[in-house]
Amino acid sequence: MAEQQKNNPLHGITLEKIVTDLQTHYGWEKLGTLIRIDCFNNNQSIKSSLKFLRRMPWARKKVEDLYLDTFH
């Protein structure tokens, strides 16, 4: 299993850490303009964001890509 993950830069980083780090870095308003999803614009909380992102793979991919662009 470790061999499958060796090229994955997000291996070991939780979705909660990704969302928290992005929110701390950008703030909700800027995050909502960078990724136009409702949980960043209206119901702004880590909990609601995680719930949405776990159900919507396309949105999670956008958040993960922004995280990689920002911090890696």
# chains A, B, ... in the order shown; residues from 1 in each chain; ligands from 1
>>> closest_atom_pairs(of="stretch 12-39 of chain A", to="stretch 58-68 of chain A", cutoff="10 Å", atoms="only C-alpha atoms", output="JSON lines")
{"residue": "A:Leu15", "atom": "CA", "partner": "A:Glu64", "partner_atom": "CA", "distance": 8.3}
{"residue": "A:Ile18", "atom": "CA", "partner": "A:Tyr67", "partner_atom": "CA", "distance": 6.5}
{"residue": "A:Val19", "atom": "CA", "partner": "A:Val63", "partner_atom": "CA", "distance": 7.6}
{"residue": "A:Asp21", "atom": "CA", "partner": "A:Tyr67", "partner_atom": "CA", "distance": 8.2}
{"residue": "A:Leu22", "atom": "CA", "partner": "A:Tyr67", "partner_atom": "CA", "distance": 6.7}
{"residue": "A:Leu31", "atom": "CA", "partner": "A:Val63", "partner_atom": "CA", "distance": 9.5}
{"residue": "A:Leu34", "atom": "CA", "partner": "A:Leu66", "partner_atom": "CA", "distance": 8.5}
{"residue": "A:Ile35", "atom": "CA", "partner": "A:Lys62", "partner_atom": "CA", "distance": 7.2}
{"residue": "A:Arg36", "atom": "CA", "partner": "A:Ala59", "partner_atom": "CA", "distance": 9.2}
{"residue": "A:Ile37", "atom": "CA", "partner": "A:Ala59", "partner_atom": "CA", "distance": 7.7}
>>> write_last_selection(atoms="all heavy atoms", output="JSON list (two decimals), in the first residue's frame")
[["chain", "number", "residue", "atom", "x", "y", "z"],
["A", 15, "LEU", "N", -8.61, 15.75, 4.95],
["A", 15, "LEU", "CA", -9.43, 16.77, 4.30],
["A", 15, "LEU", "C", -9.69, 17.94, 5.25],
["A", 15, "LEU", "O", -9.68, 19.10, 4.85],
["A", 15, "LEU", "CB", -10.75, 16.16, 3.81],
["A", 15, "LEU", "CG", -11.67, 17.09, 3.04],
["A", 15, "LEU", "CD1", -10.99, 17.66, 1.80],
["A", 15, "LEU", "CD2", -12.94, 16.35, 2.65],
["A", 18, "ILE", "N", -6.71, 20.19, 5.17],
["A", 18, "ILE", "CA", -6.68, 20.92, 3.91],
["A", 18, "ILE", "C", -7.61, 22.13, 3.97],
["A", 18, "ILE", "O", -7.22, 23.25, 3.68],
["A", 18, "ILE", "CB", -7.04, 20.00, 2.73],
["A", 18, "ILE", "CG1", -5.93, 18.96, 2.52],
["A", 18, "ILE", "CG2", -7.30, 20.78, 1.46],
["A", 18, "ILE", "CD1", -6.26, 17.87, 1.53],
["A", 19, "VAL", "N", -8.87, 21.89, 4.37],
["A", 19, "VAL", "CA", -9.85, 22.97, 4.43],
["A", 19, "VAL", "C", -9.46, 24.01, 5.48],
["A", 19, "VAL", "O", -9.53, 25.22, 5.23],
["A", 19, "VAL", "CB", -11.27, 22.41, 4.71],
["A", 19, "VAL", "CG1", -12.27, 23.54, 4.94],
["A", 19, "VAL", "CG2", -11.72, 21.52, 3.57],
["A", 21, "ASP", "N", -6.41, 24.74, 6.65],
["A", 21, "ASP", "CA", -5.25, 25.50, 6.19],
["A", 21, "ASP", "C", -5.63, 26.52, 5.12],
["A", 21, "ASP", "O", -5.16, 27.66, 5.13],
["A", 21, "ASP", "CB", -4.16, 24.57, 5.66],
["A", 21, "ASP", "CG", -3.46, 23.78, 6.75],
["A", 21, "ASP", "OD1", -3.72, 24.05, 7.94],
["A", 21, "ASP", "OD2", -2.65, 22.90, 6.41],
["A", 22, "LEU", "N", -6.48, 26.12, 4.18],
["A", 22, "LEU", "CA", -6.91, 27.05, 3.14],
["A", 22, "LEU", "C", -7.73, 28.19, 3.72],
["A", 22, "LEU", "O", -7.56, 29.34, 3.32],
["A", 22, "LEU", "CB", -7.71, 26.31, 2.06],
["A", 22, "LEU", "CG", -6.92, 25.40, 1.14],
["A", 22, "LEU", "CD1", -7.85, 24.59, 0.24],
["A", 22, "LEU", "CD2", -5.94, 26.21, 0.29],
["A", 31, "LEU", "N", -11.61, 32.43, -0.42],
["A", 31, "LEU", "CA", -11.77, 31.02, -0.76],
["A", 31, "LEU", "C", -13.03, 30.81, -1.61],
["A", 31, "LEU", "O", -13.02, 30.06, -2.58],
["A", 31, "LEU", "CB", -11.84, 30.19, 0.52],
["A", 31, "LEU", "CG", -11.60, 28.69, 0.43],
["A", 31, "LEU", "CD1", -10.31, 28.37, -0.30],
["A", 31, "LEU", "CD2", -11.59, 28.08, 1.81],
["A", 34, "LEU", "N", -12.26, 31.91, -5.15],
["A", 34, "LEU", "CA", -11.36, 30.99, -5.86],
["A", 34, "LEU", "C", -12.06, 29.69, -6.25],
["A", 34, "LEU", "O", -11.82, 29.15, -7.33],
["A", 34, "LEU", "CB", -10.15, 30.67, -4.97],
["A", 34, "LEU", "CG", -9.19, 31.82, -4.71],
["A", 34, "LEU", "CD1", -8.17, 31.44, -3.65],
["A", 34, "LEU", "CD2", -8.49, 32.24, -6.00],
["A", 35, "ILE", "N", -12.89, 29.18, -5.36],
["A", 35, "ILE", "CA", -13.67, 27.96, -5.63],
["A", 35, "ILE", "C", -15.12, 28.30, -5.33],
["A", 35, "ILE", "O", -15.50, 28.45, -4.18],
["A", 35, "ILE", "CB", -13.19, 26.78, -4.75],
["A", 35, "ILE", "CG1", -11.71, 26.52, -4.97],
["A", 35, "ILE", "CG2", -14.01, 25.54, -5.06],
["A", 35, "ILE", "CD1", -11.13, 25.47, -4.06],
["A", 36, "ARG", "N", -15.90, 28.41, -6.38],
["A", 36, "ARG", "CA", -17.28, 28.87, -6.22],
["A", 36, "ARG", "C", -18.21, 27.71, -5.85],
["A", 36, "ARG", "O", -18.90, 27.16, -6.69],
["A", 36, "ARG", "CB", -17.73, 29.56, -7.50],
["A", 36, "ARG", "CG", -16.84, 30.75, -7.84],
["A", 36, "ARG", "CD", -17.34, 31.57, -8.97],
["A", 36, "ARG", "NE", -18.48, 32.41, -8.68],
["A", 36, "ARG", "CZ", -18.47, 33.48, -7.88],
["A", 36, "ARG", "NH1", -17.38, 33.81, -7.26],
["A", 36, "ARG", "NH2", -19.56, 34.20, -7.71],
["A", 37, "ILE", "N", -18.18, 27.39, -4.55],
["A", 37, "ILE", "CA", -19.12, 26.39, -4.03],
["A", 37, "ILE", "C", -19.82, 27.01, -2.82],
["A", 37, "ILE", "O", -19.25, 27.84, -2.12],
["A", 37, "ILE", "CB", -18.44, 25.05, -3.68],
["A", 37, "ILE", "CG1", -17.25, 25.24, -2.76],
["A", 37, "ILE", "CG2", -18.02, 24.32, -4.94],
["A", 37, "ILE", "CD1", -16.58, 23.94, -2.33]]
>>> select_by_dssp(residues="chain A", states="helix (DSSP H, G or I)", output="PDB file with C-alpha atoms, in the first residue's frame")
ATOM      1  CA  ALA A   2       2.833   2.410   0.780  1.00  0.00           C
ATOM      2  CA  GLU A   3       4.163   1.947  -2.750  1.00  0.00           C
ATOM      3  CA  GLN A   4       0.835   3.096  -4.202  1.00  0.00           C
ATOM      4  CA  GLN A   5       0.976   6.334  -2.201  1.00  0.00           C
ATOM      5  CA  LEU A  15      -9.428  16.771   4.299  1.00  0.00           C
ATOM      6  CA  GLU A  16     -10.069  18.688   7.514  1.00  0.00           C
ATOM      7  CA  LYS A  17      -6.458  19.919   7.571  1.00  0.00           C
ATOM      8  CA  ILE A  18      -6.679  20.925   3.908  1.00  0.00           C
ATOM      9  CA  VAL A  19      -9.854  22.969   4.433  1.00  0.00           C
ATOM     10  CA  THR A  20      -8.592  24.485   7.698  1.00  0.00           C
ATOM     11  CA  ASP A  21      -5.249  25.505   6.188  1.00  0.00           C
ATOM     12  CA  LEU A  22      -6.912  27.047   3.135  1.00  0.00           C
ATOM     13  CA  GLN A  23      -9.442  28.915   5.259  1.00  0.00           C
ATOM     14  CA  THR A  24      -6.686  30.252   7.516  1.00  0.00           C
ATOM     15  CA  HIS A  25      -4.558  31.289   4.545  1.00  0.00           C
ATOM     16  CA  TYR A  26      -7.272  32.841   2.339  1.00  0.00           C
ATOM     17  CA  GLY A  27     -10.292  33.441   4.576  1.00  0.00           C
ATOM     18  CA  TRP A  28     -13.819  32.420   3.604  1.00  0.00           C
ATOM     19  CA  GLU A  29     -14.447  35.339   1.241  1.00  0.00           C
ATOM     20  CA  LYS A  30     -11.346  34.796  -0.900  1.00  0.00           C
ATOM     21  CA  LEU A  31     -11.775  31.022  -0.761  1.00  0.00           C
ATOM     22  CA  GLY A  32     -15.338  31.455  -2.026  1.00  0.00           C
ATOM     23  CA  THR A  33     -14.118  33.474  -5.009  1.00  0.00           C
ATOM     24  CA  LEU A  34     -11.364  30.991  -5.855  1.00  0.00           C
ATOM     25  CA  ASP A  38     -21.917  27.223  -1.635  1.00  0.00           C
ATOM     26  CA  CYS A  39     -20.244  25.953   1.525  1.00  0.00           C
ATOM     27  CA  PHE A  40     -17.494  28.578   1.102  1.00  0.00           C
ATOM     28  CA  ASN A  41     -19.901  31.426   0.320  1.00  0.00           C
ATOM     29  CA  ILE A  46     -15.333  23.688   8.455  1.00  0.00           C
ATOM     30  CA  LYS A  47     -18.000  21.125   9.367  1.00  0.00           C
ATOM     31  CA  SER A  48     -20.374  22.044   6.513  1.00  0.00           C
ATOM     32  CA  SER A  49     -17.481  22.221   4.065  1.00  0.00           C
ATOM     33  CA  LEU A  50     -16.267  18.757   5.015  1.00  0.00           C
ATOM     34  CA  LYS A  51     -19.763  17.311   4.707  1.00  0.00           C
ATOM     35  CA  PHE A  52     -20.161  18.776   1.212  1.00  0.00           C
ATOM     36  CA  LEU A  53     -16.670  17.905  -0.022  1.00  0.00           C
ATOM     37  CA  ARG A  54     -16.964  14.286   1.113  1.00  0.00           C
ATOM     38  CA  ARG A  55     -20.096  13.881  -1.026  1.00  0.00           C
ATOM     39  CA  PRO A  57     -15.643  14.396  -5.604  1.00  0.00           C
ATOM     40  CA  TRP A  58     -15.431  17.170  -8.224  1.00  0.00           C
ATOM     41  CA  ALA A  59     -15.432  19.846  -5.496  1.00  0.00           C
ATOM     42  CA  ARG A  60     -12.946  17.931  -3.362  1.00  0.00           C
ATOM     43  CA  LYS A  61     -10.594  17.732  -6.357  1.00  0.00           C
ATOM     44  CA  LYS A  62     -10.745  21.522  -6.779  1.00  0.00           C
ATOM     45  CA  VAL A  63      -9.963  22.042  -3.088  1.00  0.00           C
ATOM     46  CA  GLU A  64      -7.096  19.551  -3.160  1.00  0.00           C
ATOM     47  CA  ASP A  65      -5.656  21.176  -6.296  1.00  0.00           C
ATOM     48  CA  LEU A  66      -5.816  24.622  -4.699  1.00  0.00           C
ATOM     49  CA  TYR A  67      -4.092  23.253  -1.605  1.00  0.00           C
ATOM     50  CA  LEU A  68      -1.273  21.803  -3.688  1.00  0.00           C
ATOM     51  CA  ASP A  69      -0.909  25.031  -5.690  1.00  0.00           C
ATOM     52  CA  THR A  70      -0.835  27.087  -2.501  1.00  0.00           C
ATOM     53  CA  PHE A  71       1.337  25.045  -0.161  1.00  0.00           C
TER      54      PHE A  71
END
